[in-house]
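A.B. asks: The following file, run-v3.txt, comprises compact mmCIF, N, CA and C atoms:
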```txt
# COMPACT_ATOMS: atom_id res chain seq x y z
N MET A 26 10.41 -51.74 -8.58
CA MET A 26 9.26 -50.87 -8.56
C MET A 26 9.31 -50.01 -7.30
N ALA A 27 8.97 -48.76 -7.45
CA ALA A 27 9.05 -47.82 -6.34
C ALA A 27 7.97 -48.11 -5.31
N SER A 28 8.36 -47.99 -4.05
CA SER A 28 7.39 -48.23 -2.98
C SER A 28 6.45 -47.04 -2.87
N SER A 29 5.35 -47.27 -2.14
CA SER A 29 4.34 -46.23 -1.97
C SER A 29 4.91 -45.01 -1.25
N SER A 30 5.77 -45.25 -0.25
CA SER A 30 6.34 -44.13 0.51
C SER A 30 7.30 -43.30 -0.34
N SER A 31 8.10 -43.96 -1.18
CA SER A 31 9.02 -43.19 -2.02
C SER A 31 8.27 -42.44 -3.12
N THR A 32 7.17 -43.03 -3.61
CA THR A 32 6.35 -42.35 -4.61
C THR A 32 5.70 -41.11 -4.00
N SER A 33 5.18 -41.24 -2.80
CA SER A 33 4.57 -40.06 -2.15
C SER A 33 5.64 -39.03 -1.81
N ALA A 34 6.83 -39.48 -1.44
CA ALA A 34 7.92 -38.54 -1.16
C ALA A 34 8.31 -37.79 -2.43
N LEU A 35 8.34 -38.50 -3.56
CA LEU A 35 8.65 -37.84 -4.83
C LEU A 35 7.57 -36.83 -5.20
N ARG A 36 6.30 -37.20 -4.96
CA ARG A 36 5.21 -36.25 -5.25
C ARG A 36 5.33 -35.01 -4.38
N GLU A 37 5.66 -35.21 -3.12
CA GLU A 37 5.83 -34.09 -2.20
C GLU A 37 7.00 -33.20 -2.66
N LEU A 38 8.08 -33.81 -3.08
CA LEU A 38 9.22 -33.03 -3.61
C LEU A 38 8.80 -32.25 -4.85
N GLN A 39 7.99 -32.88 -5.70
CA GLN A 39 7.52 -32.21 -6.92
C GLN A 39 6.66 -31.00 -6.57
N ARG A 40 5.76 -31.16 -5.60
CA ARG A 40 4.93 -30.01 -5.16
C ARG A 40 5.79 -28.91 -4.58
N GLU A 41 6.76 -29.30 -3.78
CA GLU A 41 7.66 -28.32 -3.16
C GLU A 41 8.46 -27.58 -4.24
N LEU A 42 8.90 -28.32 -5.23
CA LEU A 42 9.65 -27.71 -6.33
C LEU A 42 8.78 -26.75 -7.13
N GLU A 43 7.53 -27.12 -7.37
CA GLU A 43 6.60 -26.23 -8.08
C GLU A 43 6.35 -24.94 -7.29
N THR A 44 6.21 -25.08 -5.98
CA THR A 44 6.02 -23.91 -5.12
C THR A 44 7.24 -23.00 -5.20
N LYS A 45 8.42 -23.59 -5.11
CA LYS A 45 9.66 -22.79 -5.20
C LYS A 45 9.77 -22.12 -6.57
N ALA A 46 9.39 -22.83 -7.62
CA ALA A 46 9.44 -22.25 -8.96
C ALA A 46 8.48 -21.08 -9.09
N ASN A 47 7.29 -21.20 -8.53
CA ASN A 47 6.32 -20.10 -8.55
C ASN A 47 6.83 -18.90 -7.75
N ASP A 48 7.42 -19.18 -6.60
CA ASP A 48 8.00 -18.11 -5.78
C ASP A 48 9.12 -17.41 -6.55
N LEU A 49 9.94 -18.19 -7.21
CA LEU A 49 11.05 -17.64 -7.99
C LEU A 49 10.54 -16.78 -9.14
N SER A 50 9.49 -17.24 -9.79
CA SER A 50 8.89 -16.48 -10.89
C SER A 50 8.36 -15.13 -10.40
N LYS A 51 7.71 -15.13 -9.24
CA LYS A 51 7.20 -13.88 -8.66
C LYS A 51 8.36 -12.94 -8.33
N LEU A 52 9.42 -13.48 -7.76
CA LEU A 52 10.59 -12.65 -7.45
C LEU A 52 11.19 -12.04 -8.71
N GLN A 53 11.25 -12.82 -9.78
CA GLN A 53 11.80 -12.31 -11.04
C GLN A 53 10.94 -11.19 -11.60
N LYS A 54 9.62 -11.31 -11.45
CA LYS A 54 8.72 -10.24 -11.90
C LYS A 54 8.94 -8.98 -11.05
N ASP A 55 9.11 -9.16 -9.74
CA ASP A 55 9.36 -8.02 -8.86
C ASP A 55 10.69 -7.34 -9.21
N ILE A 56 11.70 -8.13 -9.53
CA ILE A 56 13.00 -7.58 -9.92
C ILE A 56 12.86 -6.79 -11.21
N SER A 57 12.12 -7.33 -12.16
CA SER A 57 11.90 -6.64 -13.44
C SER A 57 11.17 -5.32 -13.23
N LYS A 58 10.15 -5.33 -12.38
CA LYS A 58 9.41 -4.11 -12.08
C LYS A 58 10.32 -3.08 -11.41
N ASN A 59 11.16 -3.55 -10.50
CA ASN A 59 12.10 -2.67 -9.83
C ASN A 59 13.03 -2.00 -10.85
N HIS A 60 13.52 -2.78 -11.82
CA HIS A 60 14.39 -2.23 -12.86
C HIS A 60 13.67 -1.17 -13.69
N GLN A 61 12.41 -1.41 -14.00
CA GLN A 61 11.63 -0.44 -14.79
C GLN A 61 11.45 0.87 -14.03
N VAL A 62 11.09 0.77 -12.76
CA VAL A 62 10.90 1.97 -11.94
C VAL A 62 12.22 2.70 -11.78
N ARG A 63 13.29 1.93 -11.56
CA ARG A 63 14.61 2.53 -11.40
C ARG A 63 15.03 3.28 -12.66
N LYS A 64 14.74 2.71 -13.80
CA LYS A 64 15.07 3.36 -15.07
C LYS A 64 14.33 4.69 -15.20
N LYS A 65 13.05 4.70 -14.82
CA LYS A 65 12.24 5.92 -14.87
C LYS A 65 12.84 7.00 -13.97
N TYR A 66 13.20 6.63 -12.74
CA TYR A 66 13.78 7.59 -11.81
C TYR A 66 15.16 8.08 -12.28
N THR A 67 15.93 7.19 -12.88
CA THR A 67 17.26 7.58 -13.37
C THR A 67 17.12 8.63 -14.47
N ILE A 68 16.16 8.45 -15.35
CA ILE A 68 15.90 9.43 -16.41
C ILE A 68 15.46 10.76 -15.81
N GLN A 69 14.55 10.69 -14.84
CA GLN A 69 14.08 11.92 -14.19
C GLN A 69 15.22 12.63 -13.47
N LEU A 70 16.10 11.86 -12.85
CA LEU A 70 17.24 12.47 -12.15
C LEU A 70 18.13 13.21 -13.14
N GLY A 71 18.41 12.60 -14.27
CA GLY A 71 19.23 13.24 -15.30
C GLY A 71 18.58 14.53 -15.82
N GLU A 72 17.27 14.47 -16.05
CA GLU A 72 16.55 15.66 -16.52
C GLU A 72 16.62 16.79 -15.50
N ASN A 73 16.41 16.46 -14.23
CA ASN A 73 16.43 17.48 -13.19
C ASN A 73 17.83 18.04 -12.97
N GLU A 74 18.84 17.22 -13.09
CA GLU A 74 20.22 17.72 -12.98
C GLU A 74 20.54 18.67 -14.13
N LEU A 75 20.02 18.37 -15.30
CA LEU A 75 20.21 19.25 -16.45
C LEU A 75 19.49 20.59 -16.24
N VAL A 76 18.27 20.55 -15.71
CA VAL A 76 17.52 21.77 -15.41
C VAL A 76 18.29 22.60 -14.38
N LEU A 77 18.84 21.94 -13.37
CA LEU A 77 19.59 22.66 -12.34
C LEU A 77 20.81 23.36 -12.94
N LYS A 78 21.50 22.69 -13.85
CA LYS A 78 22.65 23.32 -14.52
C LYS A 78 22.21 24.53 -15.32
N GLU A 79 21.08 24.40 -15.99
CA GLU A 79 20.55 25.53 -16.77
C GLU A 79 20.17 26.69 -15.86
N LEU A 80 19.55 26.39 -14.74
CA LEU A 80 19.17 27.44 -13.79
C LEU A 80 20.40 28.15 -13.22
N ASP A 81 21.46 27.39 -13.00
CA ASP A 81 22.70 27.97 -12.47
C ASP A 81 23.34 28.95 -13.46
N LEU A 82 23.04 28.81 -14.74
CA LEU A 82 23.60 29.70 -15.76
C LEU A 82 22.87 31.04 -15.84
N LEU A 83 21.67 31.12 -15.27
CA LEU A 83 20.85 32.31 -15.38
C LEU A 83 21.30 33.40 -14.42
N ARG A 84 21.03 34.65 -14.83
CA ARG A 84 21.27 35.79 -13.94
C ARG A 84 20.14 35.86 -12.93
N GLU A 85 20.37 36.58 -11.83
CA GLU A 85 19.37 36.71 -10.76
C GLU A 85 18.05 37.32 -11.24
N ASP A 86 18.11 38.23 -12.23
CA ASP A 86 16.89 38.92 -12.68
C ASP A 86 16.21 38.22 -13.87
N ALA A 87 16.67 37.02 -14.19
CA ALA A 87 16.10 36.29 -15.34
C ALA A 87 14.67 35.84 -15.02
N ASN A 88 13.87 35.79 -16.07
CA ASN A 88 12.50 35.30 -15.93
C ASN A 88 12.50 33.77 -16.04
N VAL A 89 11.87 33.14 -15.06
CA VAL A 89 11.77 31.69 -15.04
C VAL A 89 10.28 31.34 -14.99
N PHE A 90 9.89 30.39 -15.82
CA PHE A 90 8.50 29.98 -15.86
C PHE A 90 8.39 28.50 -15.57
N LYS A 91 7.29 28.16 -14.91
CA LYS A 91 7.01 26.77 -14.57
C LYS A 91 5.74 26.37 -15.30
N LEU A 92 5.78 25.21 -15.92
CA LEU A 92 4.61 24.70 -16.63
C LEU A 92 3.68 24.00 -15.63
N ILE A 93 2.49 24.53 -15.48
CA ILE A 93 1.47 23.92 -14.61
C ILE A 93 0.27 23.64 -15.50
N GLY A 94 0.11 22.38 -15.83
CA GLY A 94 -0.95 22.02 -16.78
C GLY A 94 -0.62 22.65 -18.12
N PRO A 95 -1.57 23.35 -18.74
CA PRO A 95 -1.31 23.98 -20.03
C PRO A 95 -0.80 25.43 -19.90
N VAL A 96 -0.52 25.88 -18.65
CA VAL A 96 -0.20 27.29 -18.41
C VAL A 96 1.24 27.44 -17.91
N LEU A 97 1.94 28.45 -18.44
CA LEU A 97 3.26 28.82 -17.93
C LEU A 97 3.07 29.89 -16.86
N VAL A 98 3.59 29.62 -15.66
CA VAL A 98 3.46 30.53 -14.53
C VAL A 98 4.84 31.03 -14.16
N LYS A 99 4.97 32.37 -13.98
CA LYS A 99 6.25 32.96 -13.63
C LYS A 99 6.63 32.49 -12.23
N GLN A 100 7.93 32.19 -12.07
CA GLN A 100 8.42 31.69 -10.80
C GLN A 100 9.73 32.38 -10.46
N ASP A 101 9.97 32.62 -9.20
CA ASP A 101 11.20 33.21 -8.73
C ASP A 101 12.35 32.23 -8.98
N LEU A 102 13.51 32.73 -9.40
CA LEU A 102 14.67 31.87 -9.70
C LEU A 102 15.09 31.06 -8.48
N ALA A 103 15.14 31.68 -7.32
CA ALA A 103 15.55 30.97 -6.10
C ALA A 103 14.54 29.86 -5.76
N GLU A 104 13.26 30.14 -5.96
CA GLU A 104 12.23 29.14 -5.69
C GLU A 104 12.34 27.97 -6.68
N ALA A 105 12.57 28.28 -7.93
CA ALA A 105 12.74 27.24 -8.95
C ALA A 105 13.95 26.38 -8.62
N ASN A 106 15.04 27.03 -8.24
CA ASN A 106 16.26 26.32 -7.88
C ASN A 106 16.01 25.39 -6.69
N ALA A 107 15.32 25.89 -5.67
CA ALA A 107 15.02 25.09 -4.48
C ALA A 107 14.12 23.90 -4.83
N ASN A 108 13.13 24.13 -5.67
CA ASN A 108 12.22 23.05 -6.07
C ASN A 108 12.95 21.94 -6.82
N VAL A 109 13.84 22.33 -7.72
CA VAL A 109 14.58 21.33 -8.50
C VAL A 109 15.52 20.55 -7.57
N ARG A 110 16.15 21.24 -6.65
CA ARG A 110 17.04 20.54 -5.69
C ARG A 110 16.25 19.55 -4.83
N LYS A 111 15.05 19.95 -4.41
CA LYS A 111 14.20 19.04 -3.63
C LYS A 111 13.82 17.80 -4.45
N ARG A 112 13.50 18.02 -5.72
CA ARG A 112 13.16 16.87 -6.60
C ARG A 112 14.36 15.94 -6.75
N ILE A 113 15.54 16.53 -6.93
CA ILE A 113 16.76 15.71 -7.07
C ILE A 113 17.00 14.90 -5.79
N GLU A 114 16.81 15.55 -4.65
CA GLU A 114 16.99 14.87 -3.37
C GLU A 114 15.97 13.73 -3.22
N TYR A 115 14.72 13.99 -3.57
CA TYR A 115 13.68 12.97 -3.48
C TYR A 115 13.99 11.79 -4.41
N ILE A 116 14.33 12.09 -5.65
CA ILE A 116 14.60 11.04 -6.64
C ILE A 116 15.82 10.22 -6.21
N SER A 117 16.84 10.89 -5.70
CA SER A 117 18.03 10.17 -5.22
C SER A 117 17.68 9.23 -4.07
N GLY A 118 16.82 9.69 -3.18
CA GLY A 118 16.36 8.84 -2.08
C GLY A 118 15.59 7.63 -2.58
N GLU A 119 14.74 7.85 -3.58
CA GLU A 119 13.97 6.74 -4.15
C GLU A 119 14.89 5.73 -4.83
N LEU A 120 15.93 6.22 -5.50
CA LEU A 120 16.88 5.32 -6.15
C LEU A 120 17.62 4.47 -5.10
N LYS A 121 17.99 5.09 -3.98
CA LYS A 121 18.65 4.33 -2.91
C LYS A 121 17.71 3.28 -2.35
N ARG A 122 16.44 3.65 -2.16
CA ARG A 122 15.45 2.70 -1.65
C ARG A 122 15.27 1.54 -2.63
N LEU A 123 15.20 1.87 -3.92
CA LEU A 123 15.05 0.83 -4.94
C LEU A 123 16.27 -0.09 -4.98
N ASP A 124 17.46 0.48 -4.80
CA ASP A 124 18.68 -0.34 -4.78
C ASP A 124 18.65 -1.33 -3.62
N ALA A 125 18.22 -0.85 -2.44
CA ALA A 125 18.14 -1.72 -1.27
C ALA A 125 17.11 -2.82 -1.50
N THR A 126 15.97 -2.45 -2.07
CA THR A 126 14.93 -3.44 -2.37
C THR A 126 15.43 -4.46 -3.38
N LEU A 127 16.13 -3.99 -4.40
CA LEU A 127 16.67 -4.88 -5.43
C LEU A 127 17.67 -5.86 -4.82
N GLN A 128 18.52 -5.37 -3.95
CA GLN A 128 19.50 -6.25 -3.31
C GLN A 128 18.79 -7.34 -2.51
N ASP A 129 17.76 -6.96 -1.77
CA ASP A 129 16.98 -7.91 -0.98
C ASP A 129 16.30 -8.94 -1.89
N LEU A 130 15.70 -8.46 -2.99
CA LEU A 130 15.03 -9.38 -3.92
C LEU A 130 16.03 -10.35 -4.56
N GLU A 131 17.20 -9.86 -4.91
CA GLU A 131 18.21 -10.73 -5.53
C GLU A 131 18.72 -11.77 -4.54
N GLU A 132 18.86 -11.39 -3.27
CA GLU A 132 19.27 -12.37 -2.25
C GLU A 132 18.20 -13.45 -2.10
N LYS A 133 16.93 -13.03 -2.07
CA LYS A 133 15.84 -14.00 -1.97
C LYS A 133 15.82 -14.90 -3.20
N GLN A 134 16.05 -14.31 -4.38
CA GLN A 134 16.06 -15.09 -5.62
C GLN A 134 17.16 -16.15 -5.57
N ASN A 135 18.35 -15.77 -5.13
CA ASN A 135 19.45 -16.73 -5.05
C ASN A 135 19.13 -17.85 -4.06
N SER A 136 18.50 -17.48 -2.95
CA SER A 136 18.11 -18.48 -1.95
C SER A 136 17.09 -19.46 -2.53
N LYS A 137 16.11 -18.92 -3.27
CA LYS A 137 15.08 -19.78 -3.88
C LYS A 137 15.70 -20.69 -4.94
N LYS A 138 16.64 -20.15 -5.72
CA LYS A 138 17.30 -20.98 -6.74
C LYS A 138 18.06 -22.13 -6.09
N GLU A 139 18.77 -21.80 -5.00
CA GLU A 139 19.53 -22.83 -4.31
C GLU A 139 18.60 -23.89 -3.72
N ALA A 140 17.51 -23.45 -3.09
CA ALA A 140 16.54 -24.40 -2.52
C ALA A 140 15.93 -25.27 -3.61
N GLY A 141 15.60 -24.67 -4.74
CA GLY A 141 15.05 -25.43 -5.85
C GLY A 141 16.04 -26.43 -6.41
N GLY A 142 17.30 -26.04 -6.45
CA GLY A 142 18.34 -26.96 -6.91
C GLY A 142 18.49 -28.15 -5.98
N MET A 143 18.42 -27.88 -4.68
CA MET A 143 18.53 -28.96 -3.70
C MET A 143 17.34 -29.92 -3.84
N ILE A 144 16.16 -29.37 -4.02
CA ILE A 144 14.96 -30.21 -4.17
C ILE A 144 15.07 -31.04 -5.44
N SER A 145 15.51 -30.42 -6.53
CA SER A 145 15.66 -31.14 -7.80
C SER A 145 16.66 -32.28 -7.66
N LEU A 146 17.78 -31.98 -7.00
CA LEU A 146 18.80 -33.01 -6.81
C LEU A 146 18.26 -34.16 -5.95
N ARG A 147 17.60 -33.82 -4.85
CA ARG A 147 17.04 -34.86 -3.98
C ARG A 147 16.02 -35.70 -4.75
N SER A 148 15.18 -35.05 -5.55
CA SER A 148 14.17 -35.76 -6.33
C SER A 148 14.83 -36.72 -7.32
N TRP A 149 15.86 -36.25 -7.99
CA TRP A 149 16.56 -37.10 -8.97
C TRP A 149 17.21 -38.29 -8.28
N LEU A 150 17.87 -38.01 -7.15
CA LEU A 150 18.52 -39.10 -6.42
C LEU A 150 17.50 -40.12 -5.92
N MET A 151 16.36 -39.65 -5.41
CA MET A 151 15.32 -40.57 -4.94
C MET A 151 14.74 -41.37 -6.09
N GLY A 152 14.46 -40.66 -7.18
CA GLY A 152 13.85 -41.31 -8.34
C GLY A 152 14.74 -42.39 -8.95
N ASN A 153 16.04 -42.23 -8.79
CA ASN A 153 16.97 -43.22 -9.33
C ASN A 153 17.45 -44.22 -8.29
N GLY A 154 16.83 -44.17 -7.11
CA GLY A 154 17.12 -45.18 -6.08
C GLY A 154 18.41 -44.98 -5.32
N TYR A 155 19.06 -43.83 -5.45
CA TYR A 155 20.35 -43.64 -4.79
C TYR A 155 20.23 -43.39 -3.29
N LEU A 156 19.05 -43.00 -2.81
CA LEU A 156 18.89 -42.66 -1.40
C LEU A 156 18.11 -43.71 -0.61
N LYS A 157 17.71 -44.79 -1.24
CA LYS A 157 16.79 -45.72 -0.59
C LYS A 157 17.39 -46.46 0.61
N HIS A 158 18.70 -46.58 0.69
CA HIS A 158 19.32 -47.31 1.80
C HIS A 158 19.85 -46.40 2.89
N LEU A 159 19.61 -45.09 2.75
CA LEU A 159 20.15 -44.14 3.72
C LEU A 159 19.11 -43.74 4.75
N LYS A 160 19.60 -43.42 5.94
CA LYS A 160 18.74 -42.87 6.98
C LYS A 160 18.50 -41.40 6.63
N PRO A 161 17.42 -40.80 7.14
CA PRO A 161 17.09 -39.41 6.78
C PRO A 161 18.24 -38.42 6.99
N PHE A 162 18.94 -38.50 8.13
CA PHE A 162 20.04 -37.55 8.35
C PHE A 162 21.19 -37.79 7.39
N GLU A 163 21.43 -39.06 7.01
CA GLU A 163 22.47 -39.36 6.02
C GLU A 163 22.07 -38.86 4.64
N GLU A 164 20.78 -39.00 4.34
CA GLU A 164 20.24 -38.54 3.06
C GLU A 164 20.50 -37.04 2.90
N GLU A 165 20.21 -36.28 3.96
CA GLU A 165 20.41 -34.82 3.92
C GLU A 165 21.88 -34.49 3.69
N GLU A 166 22.78 -35.18 4.39
CA GLU A 166 24.21 -34.93 4.24
C GLU A 166 24.67 -35.20 2.80
N VAL A 167 24.19 -36.29 2.23
CA VAL A 167 24.57 -36.66 0.87
C VAL A 167 24.08 -35.60 -0.12
N VAL A 168 22.83 -35.19 0.02
CA VAL A 168 22.26 -34.20 -0.90
C VAL A 168 23.03 -32.88 -0.79
N VAL A 169 23.29 -32.41 0.41
CA VAL A 169 24.02 -31.15 0.60
C VAL A 169 25.42 -31.26 0.02
N MET A 170 26.11 -32.36 0.31
CA MET A 170 27.48 -32.55 -0.19
C MET A 170 27.50 -32.55 -1.72
N LEU A 171 26.58 -33.26 -2.34
CA LEU A 171 26.54 -33.31 -3.79
C LEU A 171 26.18 -31.95 -4.37
N PHE A 172 25.22 -31.28 -3.76
CA PHE A 172 24.80 -29.97 -4.26
C PHE A 172 25.95 -28.97 -4.20
N GLU A 173 26.66 -28.95 -3.09
CA GLU A 173 27.78 -28.03 -2.94
C GLU A 173 28.91 -28.35 -3.92
N SER A 174 29.07 -29.62 -4.26
CA SER A 174 30.14 -29.97 -5.19
C SER A 174 29.85 -29.58 -6.63
N VAL A 175 28.56 -29.39 -6.97
CA VAL A 175 28.21 -29.01 -8.34
C VAL A 175 27.91 -27.53 -8.49
N THR A 176 27.81 -26.80 -7.38
CA THR A 176 27.54 -25.37 -7.48
C THR A 176 28.75 -24.55 -7.18
```
Would you mind writing the structure in this file as structure tokens?

C.D. replies:
Amino acid sequence: MASSSSTSALRELQRELETKANDLSKLQKDISKNHQVRKKYTIQLGENELVLKELDLLREDANVFKLIGPVLVKQDLAEANANVRKRIEYISGELKRLDATLQDLEEKQNSKKEAGGMISLRSWLMGNGYLKHLKPFEEEEVVVMLFESVT
């Protein structure tokens, strides 16, 4: 029969594992949101690059109109070209920012997965009595060694 201290240690590991699982779930939602926003910007970038190619095909005296609400407003070709280039630059910057954020989120996710795996392994080992004769520092070494051998 499990002692009171090992039962409380298992409960503590269970709480810690639940916390890590909740953190991991939040990170996965953030990653999903990042992918959605990135997809939106990628589409906008493609559209703006297409507009820029179309503008490059026009003669200097061509009429260019910009849609503002329900109204088409005449715009200078050079101004339209500059505006589209600024949008492309802005969108490209946002994509780079999103990529950096995604990389950070994925690193955090991997760290949380690893921590959760270690907690799960320690919990299983404790629950099955494999760690009861070890000192705390030996217990940590055993858990790390086993975890590294299976990952």

A.B. asks: With a distance cut-off of 8 Å and only N, CA and C atoms, select the neighbouring residues of Leu123 in chain A, excluding the residue or stretch itself and same-chain residues fewer than 6 positions from it, and output the selection as an MDAnalysis selection string.

C.D. replies: chainID A and resid 59:60 62:63 117 129

A.B. asks: Within 8 Å of Glu131 in chain A, counting only N, CA and C atoms, which residues qualify if same-chain residues fewer than 6 places away don't, as a PyMOL selection string?

C.D. replies: chain A and resi 52+56+125+137

A.B. asks: One decimal, Å: what's the distance from CA of Leu127 in chain A over to CA of Lys65 in chain A, could you say?

C.D. replies: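 The value is 15.0 Å.
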
A.B. asks: Please report the interatomic distance between atom N of Arg122 in chain A and atom C of Ala103 in chain A in Å with one decimal.

C.D. replies: 26.5 Å

A.B. asks: Ranking A:Asn88, A:Thr126, A:Glu74, A:Ser57 by minimum distance to Val109 in chain A and counting all atoms listed in the file, which one comes first?

C.D. replies: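 Looking only at the distances to Val109 in chain A, the closest residue turns out to be A:Glu74.
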
A.B. asks: How far is it from CA of Ser145 in chain A to CA of Glu43 in chain A, in Å with one decimal?

C.D. replies: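 Straight-line distance from CA of Ser145 in chain A to CA of Glu43 in chain A works out to 10.3 Å.
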
A.B. asks: Can you list every residue in range 76-128 of chain A that DSSP puts in strand (DSSP E), as a ChimeraX atom specification?

C.D. replies: /A:89-93,96-100

A.B. asks: Taking only N, CA and C atoms into account, which of A:Leu77, A:Lys51, A:Glu41, A:Asp86 comes nearest Ala105 in chain A?

C.D. replies: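 Looking only at the distances to Ala105 in chain A, the closest residue turns out to be A:Leu77.
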
A.B. asks: Residues near Glu72 in chain A, anyone? I mean within 12 Å using only C-alpha atoms, not counting same-chain ones fewer than 3 positions away, as a list in words.

C.D. replies: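 Once the nearby chain positions are removed, what remains is Lys65, Tyr66, Thr67, Ile68, Gln69, Leu75, Val76, Leu77, Lys78, Glu79, Val109, Arg110, Arg112, Ile113 and Ile116 of chain A.
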
A.B. asks: Calculate, to one decimal in Å, the centre and edge lengths of the box along x, y and z of the file that holds all listed atoms of range 97-114 of chain A with 4 Å of margin on each side, and present them as lines of an AutoDock Vina configuration file.

C.D. replies:
```
center_x = 9.5
center_y = 23.5
center_z = -10.8
size_x = 23.1
size_y = 27.5
size_z = 23.2
```

A.B. asks: Got a minute to add all heavy atoms to range 105-111 of chain A and dump it as an mmCIF file, in the coordinates of the input?

C.D. replies:
```cif
data_model
loop_
_atom_site.group_PDB
_atom_site.id
_atom_site.type_symbol
_atom_site.label_atom_id
_atom_site.label_comp_id
_atom_site.auth_asym_id
_atom_site.auth_seq_id
_atom_site.Cartn_x
_atom_site.Cartn_y
_atom_site.Cartn_z
ATOM 1 N N ALA A 105 12.570 28.280 -7.930
ATOM 2 C CA ALA A 105 12.740 27.240 -8.950
ATOM 3 C C ALA A 105 13.950 26.380 -8.620
ATOM 4 O O ALA A 105 13.898 25.143 -8.707
ATOM 5 C CB ALA A 105 12.879 27.868 -10.331
ATOM 6 N N ASN A 106 15.040 27.030 -8.240
ATOM 7 C CA ASN A 106 16.260 26.320 -7.880
ATOM 8 C C ASN A 106 16.010 25.390 -6.690
ATOM 9 O O ASN A 106 16.418 24.221 -6.712
ATOM 10 C CB ASN A 106 17.328 27.360 -7.505
ATOM 11 C CG ASN A 106 18.687 26.998 -8.036
ATOM 12 O OD1 ASN A 106 19.031 25.827 -8.082
ATOM 13 N ND2 ASN A 106 19.451 28.004 -8.417
ATOM 14 N N ALA A 107 15.320 25.890 -5.670
ATOM 15 C CA ALA A 107 15.020 25.090 -4.480
ATOM 16 C C ALA A 107 14.120 23.900 -4.830
ATOM 17 O O ALA A 107 14.336 22.781 -4.336
ATOM 18 C CB ALA A 107 14.369 25.958 -3.412
ATOM 19 N N ASN A 108 13.130 24.130 -5.670
ATOM 20 C CA ASN A 108 12.220 23.050 -6.070
ATOM 21 C C ASN A 108 12.950 21.940 -6.820
ATOM 22 O O ASN A 108 12.715 20.752 -6.580
ATOM 23 C CB ASN A 108 11.072 23.596 -6.935
ATOM 24 C CG ASN A 108 10.068 24.368 -6.136
ATOM 25 O OD1 ASN A 108 9.996 24.268 -4.918
ATOM 26 N ND2 ASN A 108 9.264 25.179 -6.826
ATOM 27 N N VAL A 109 13.840 22.330 -7.720
ATOM 28 C CA VAL A 109 14.580 21.330 -8.500
ATOM 29 C C VAL A 109 15.520 20.550 -7.570
ATOM 30 O O VAL A 109 15.629 19.324 -7.680
ATOM 31 C CB VAL A 109 15.352 21.992 -9.664
ATOM 32 C CG1 VAL A 109 16.271 20.992 -10.338
ATOM 33 C CG2 VAL A 109 14.375 22.570 -10.674
ATOM 34 N N ARG A 110 16.150 21.240 -6.650
ATOM 35 C CA ARG A 110 17.040 20.540 -5.690
ATOM 36 C C ARG A 110 16.250 19.550 -4.830
ATOM 37 O O ARG A 110 16.727 18.452 -4.551
ATOM 38 C CB ARG A 110 17.770 21.554 -4.814
ATOM 39 C CG ARG A 110 18.850 22.312 -5.551
ATOM 40 C CD ARG A 110 19.596 23.292 -4.646
ATOM 41 N NE ARG A 110 20.401 24.208 -5.417
ATOM 42 C CZ ARG A 110 21.583 23.933 -5.952
ATOM 43 N NH1 ARG A 110 22.092 22.733 -5.808
ATOM 44 N NH2 ARG A 110 22.233 24.838 -6.644
ATOM 45 N N LYS A 111 15.050 19.950 -4.410
ATOM 46 C CA LYS A 111 14.200 19.040 -3.630
ATOM 47 C C LYS A 111 13.820 17.800 -4.450
ATOM 48 O O LYS A 111 13.809 16.676 -3.934
ATOM 49 C CB LYS A 111 12.926 19.748 -3.169
ATOM 50 C CG LYS A 111 13.112 20.656 -1.995
ATOM 51 C CD LYS A 111 11.770 21.260 -1.595
ATOM 52 C CE LYS A 111 11.958 22.376 -0.593
ATOM 53 N NZ LYS A 111 10.694 23.059 -0.291
#
```
